[in-house]
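Peer 1: Pasting a structure below so you can have a look.
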Amino acid sequence: MTKTVENAKAIGYADLLEKIKAAGLMEYGLQREALADRIYAACAKEGDVYVHAGLNNADVDRALLALLRDDPDAVLSGIAIAGFLTGAAAKFLYLPEDEEELTAQVKPKAEEYKVVVVNDIINVRESEGDLLLHLATAKDLADLADGKYEAGHYVVLPGEAPKKVAPDTKVTDLLPAEGVKAYYLGYQYYTPEEAASLTAADAVTGVICTLSEKDCIVDHTAKILLKDRKASCGRCVFCREGLIQLEYMQKEITLARGKTGYYDLTEEIGDAMGYNTLCSVGQVSANIALSAIRKFGDEYDAHVKKNKCPAGVCASFVHIYIDPLACTGCGECIDVCPADCIEGKAKFIHMIDEFECTKCGKCIEACDDDAIQMTSGKLPKLPSRLTKVGKFKKH
Ligand code: SF4
Ligand code: SF4
Ligand code: SF4
């Protein structure tokens with residue numbers, strides 16, 4: 001038993017609960033409730049009670065795993081203290097399956113605290129009545145027992161470690177607002193106008209980030225939904241199939257194969273998922289797609305109806321071409337092209353086979369004459385066959 005857990009036991013059950021109440025300690029994440037009430041509720045369970053600690057199942061940002069990585073003793077102590085307060089028959093720590101390194105780091109220590117590490121999501125149905133404890137709450141609990149608890153809400157800003165700020169801190173005061181097209185936090189997007197009324201407490205995974213005109217909302221949504229899809233355990237049909245469909249539609253849109261019918265289908269599936277699933281993965285993951293389509297419909301229309309990615313991110317809408325008036329026929333680009341899709345010979349204007357081009361951009365770097373261009377707009381008139389340098393007529 002570590003010093004922190006000893007401290008907690010020395011304070012005693014009743015006094016420690018009073019301390020938790022006096023500090024206003026809240027459960028972190030989606031179940032933002034007074035921790036003392038959650039402990040009382042678990043104590044009232046008939047039969048054995050268990051502590052299940054982890055991130056919220058839907059948290060694919062995983063930014064707050066840093067708390068465990070940086071100070072495993074504190075988080076494990078918090079779990080052990082929660083076990084003491086609830087009289088738990090066993091305590092579990094849930095880590096995503098692919099967090100092998102963290103699992104290896106934490107497992108030997110967890111044994112000292114009699115905490116069982118499980119590489120899975122929390123089975124909400126089977127853990128009904130038990131104490132579900134966020135890792136950040138466990139850390140707070142340990143800090144409280146050690147007398148070093150500081151009130152606040154953990155946030156993780158781009159490129160920074162988790163830090164605590166007052167829960168009512170305005171989101172727009174945490175990140176510069178210049179050039180921001182969208183805010184992303186708590187499983188959904190917000191317009192800059194909406195973000196003005198959001199506070200740090202709305203960041204239920206801790207993560208707060210912004211997207212600028214250089215970021216594509218559809219591409220960002222597709223990537224997060226892919227992570228959600230991997231997080232789903234597949235027990236609920238609406239979560240399993242819904243996430244497959246949602247991710248597929250966003251991906252298709254980024255690949256220039258989008259249809260306007262996908263908008264209504266996203267609404268239909270997204271709404272149904274919220275009501276027909278067991279845990280947060282199914283209940284909140286669809287919000288990213290729903291908020292993207294509802295609030296940034298213009299960006300979807302640009303992809304689907306205008307065949308354009310306004311941010312220039314989706315490669316299927318990007319063209320790479322050789323400016324026939326700038327090419328000197330030096331041949332440097334041919335040597336670097338991994339797809340072998342540049343045609344040309346000395347002193348002839350070179351041409352790119354767009355069908356084979358992977359848009360890797362290597363030729364752009366190799367061309368000293370700046371003749372290779374990337375555009376998400378319309379292509380200019382280009383030679384249809386090999387033409388001698390200087391002989392191409394624009395009109
Ligand atoms: S909502 Fe259902 S299928 Fe999805 S992760 Fe939770 S339990 Fe598994
Ligand atoms: S595109 Fe650039 S690198 Fe390629 S042949 Fe023309 S001038 Fe040379
Ligand atoms: S972008 Fe890449 S694949 Fe396309 S022509 Fe240039 S080097 Fe070849």
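Chain identifiers are assigned as A, B, and so on, following the order in which chains appear in the structure tokens; residues are numbered from 1 within each chain, and ligands are numbered from 1 in order of appearance.
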Could you please extract the residues within 7 Å of ligand 2, counting only C-alpha atoms and all ligand atoms, and hand them back as a ChimeraX atom specification?

Peer 2: /A:322,326-334,349-350,363,366-372

Peer 1: Generate a file of the selected residues that holds C-alpha atoms, formatted as a compact mmCIF listing (two decimals), in the first residue's frame.

Peer 2:
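File out_36.txt, as written:
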```
# COMPACT_ATOMS: atom_id res chain seq x y z
CA ILE A 322 3.10 20.75 -65.35
CA ALA A 326 7.42 27.04 -67.50
CA CYS A 327 8.75 23.52 -68.15
CA THR A 328 12.31 23.48 -69.57
CA GLY A 329 12.32 19.75 -70.29
CA CYS A 330 15.18 19.04 -67.89
CA GLY A 331 13.77 15.67 -66.78
CA GLU A 332 14.50 16.06 -63.05
CA CYS A 333 10.88 15.29 -62.12
CA ILE A 334 10.88 11.90 -63.87
CA ILE A 349 7.42 19.67 -72.15
CA HIS A 350 6.79 16.96 -69.59
CA CYS A 363 8.03 16.25 -58.30
CA ALA A 366 12.35 18.48 -57.50
CA CYS A 367 11.46 21.07 -60.12
CA ASP A 368 13.83 24.05 -59.87
CA ASP A 369 11.77 25.95 -62.45
CA ASP A 370 8.59 25.90 -60.36
CA ALA A 371 6.80 24.41 -63.35
CA ILE A 372 4.81 21.84 -61.38
```

Peer 1: Can you tell me, as a ChimeraX atom specification, what residues are no more than 6 Å from segment 197-213 of chain A when counting only C-alpha atoms, ignoring any on the same chain fewer than 6 positions away?

Peer 2: /A:29-30,154-157,167-171,179-186,311

Peer 1: Could you take the residues named above and write them with C-alpha atoms, as a PDB file, in the first residue's frame?

Peer 2:
```pdb
ATOM      1  CA  GLY A  29     -16.021  13.400 -18.639  1.00  0.00           C
ATOM      2  CA  LEU A  30     -19.490  12.583 -19.846  1.00  0.00           C
ATOM      3  CA  TYR A 154      -8.233  19.306 -17.195  1.00  0.00           C
ATOM      4  CA  VAL A 155      -7.857  20.590 -20.734  1.00  0.00           C
ATOM      5  CA  VAL A 156      -5.404  19.575 -23.441  1.00  0.00           C
ATOM      6  CA  LEU A 157      -4.587  22.272 -25.984  1.00  0.00           C
ATOM      7  CA  PRO A 167     -14.148  25.064 -15.448  1.00  0.00           C
ATOM      8  CA  ASP A 168     -15.861  28.313 -16.454  1.00  0.00           C
ATOM      9  CA  THR A 169     -12.886  29.524 -18.519  1.00  0.00           C
ATOM     10  CA  LYS A 170     -14.157  30.523 -21.944  1.00  0.00           C
ATOM     11  CA  VAL A 171     -12.970  28.222 -24.719  1.00  0.00           C
ATOM     12  CA  GLY A 179      -8.412  32.360 -38.710  1.00  0.00           C
ATOM     13  CA  VAL A 180     -10.574  29.790 -36.905  1.00  0.00           C
ATOM     14  CA  LYS A 181     -13.302  28.183 -38.987  1.00  0.00           C
ATOM     15  CA  ALA A 182     -14.461  25.635 -36.379  1.00  0.00           C
ATOM     16  CA  TYR A 183     -13.821  24.544 -32.816  1.00  0.00           C
ATOM     17  CA  TYR A 184     -13.730  20.837 -32.020  1.00  0.00           C
ATOM     18  CA  LEU A 185     -14.375  19.631 -28.491  1.00  0.00           C
ATOM     19  CA  GLY A 186     -16.599  17.188 -26.699  1.00  0.00           C
ATOM     20  CA  ALA A 311      -9.215  23.452 -47.976  1.00  0.00           C
TER      21      ALA A 311
END
```

Peer 1: With only C-alpha atoms and all ligand atoms counted, collect every polymer residue having an atom within 8 Å of ligand 3; state the result as a PyMOL selection string.

Peer 2: chain A and resi 320-321+333-334+336-342+352-354+356-364

Peer 1: To check your reading of the model: which residues sit at most 6 Å from ligand 1 when counting only C-alpha atoms and all ligand atoms? Write the answer as a tab-separated table (two decimals) with N, CA and C atoms, in the first residue's frame.

Peer 2:
```tsv
chain	number	residue	atom	x	y	z
A	232	SER	N	-15.41	0.69	-31.31
A	232	SER	CA	-16.68	-0.03	-31.06
A	232	SER	C	-16.43	-1.51	-30.81
A	233	CYS	N	-17.09	-2.04	-29.78
A	233	CYS	CA	-16.91	-3.48	-29.49
A	233	CYS	C	-17.82	-4.32	-30.37
A	234	GLY	N	-18.79	-3.67	-31.02
A	234	GLY	CA	-19.65	-4.37	-31.97
A	234	GLY	C	-20.85	-5.07	-31.38
A	235	ARG	N	-21.07	-4.95	-30.06
A	235	ARG	CA	-22.21	-5.65	-29.46
A	235	ARG	C	-23.55	-5.07	-29.91
A	236	CYS	N	-23.60	-3.74	-30.06
A	236	CYS	CA	-24.87	-3.12	-30.48
A	236	CYS	C	-24.86	-2.91	-31.99
A	239	CYS	N	-24.51	0.74	-33.23
A	239	CYS	CA	-23.18	1.32	-33.10
A	239	CYS	C	-22.27	0.72	-34.17
A	240	ARG	N	-22.28	-0.60	-34.24
A	240	ARG	CA	-21.38	-1.29	-35.19
A	240	ARG	C	-21.67	-0.88	-36.63
A	277	THR	N	-28.11	2.39	-28.40
A	277	THR	CA	-26.80	1.82	-28.09
A	277	THR	C	-26.54	1.86	-26.59
A	278	LEU	N	-25.63	1.00	-26.16
A	278	LEU	CA	-25.43	0.81	-24.72
A	278	LEU	C	-24.47	1.80	-24.07
A	279	CYS	N	-23.45	2.21	-24.81
A	279	CYS	CA	-22.46	3.06	-24.14
A	279	CYS	C	-22.14	4.29	-24.97
A	281	VAL	N	-19.82	5.18	-26.86
A	281	VAL	CA	-19.31	5.08	-28.24
A	281	VAL	C	-20.47	5.25	-29.22
A	282	GLY	N	-21.53	4.51	-28.98
A	282	GLY	CA	-22.70	4.62	-29.86
A	282	GLY	C	-23.47	5.90	-29.62
```

Peer 1: Can you pull out every residue from segment 35-82 of chain A that DSSP, working from the backbone, puts in strand (DSSP E or B), and format the result as a list in words?

Peer 2: Tyr50, Val51, His52, Ala53 and Gly54 of chain A
